[in-house]
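S.K.: Here you go, one structure.
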Amino acid sequence: MGRLRSDLVWVPTFAVLVALAVPWPLWGVDRVVAGLPVWIWWHIAWLGLCTGLFSLFVRSGAWERGMGLRSGTTADDGAPMTGGDRR
């Protein structure tokens, strides 16, 4: 899959993550599992999923491309360029 196509896959992925961050299917459910309400377990699992997907997002290089950085570039002194170091 090309870079542009793979980068475009992240847009709907993050839209779904945002839309389902609120536990809509659990509204009105008072069930408790292991001492915590089920909706808290939803959030724990959801945060784990978001962490894994964001890790994949960064490793794919989409973060650098989205920020206008070229991955693997270095400054004149040989140090990797990050954040506001774009020249």
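Going through the structure tokens in order, the chains are called A, B, and so on, while each chain numbers its residues from 1 and the ligands are numbered from 1 in the order shown.
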For segment 11-26 of chain A, please output as number ranges by chain all residues within 10 Å (counting only C-alpha atoms; exclusion window: fewer than 6 positions along the same chain).

M.R.: A: 37-43, 46-47, 49-50, 53-54
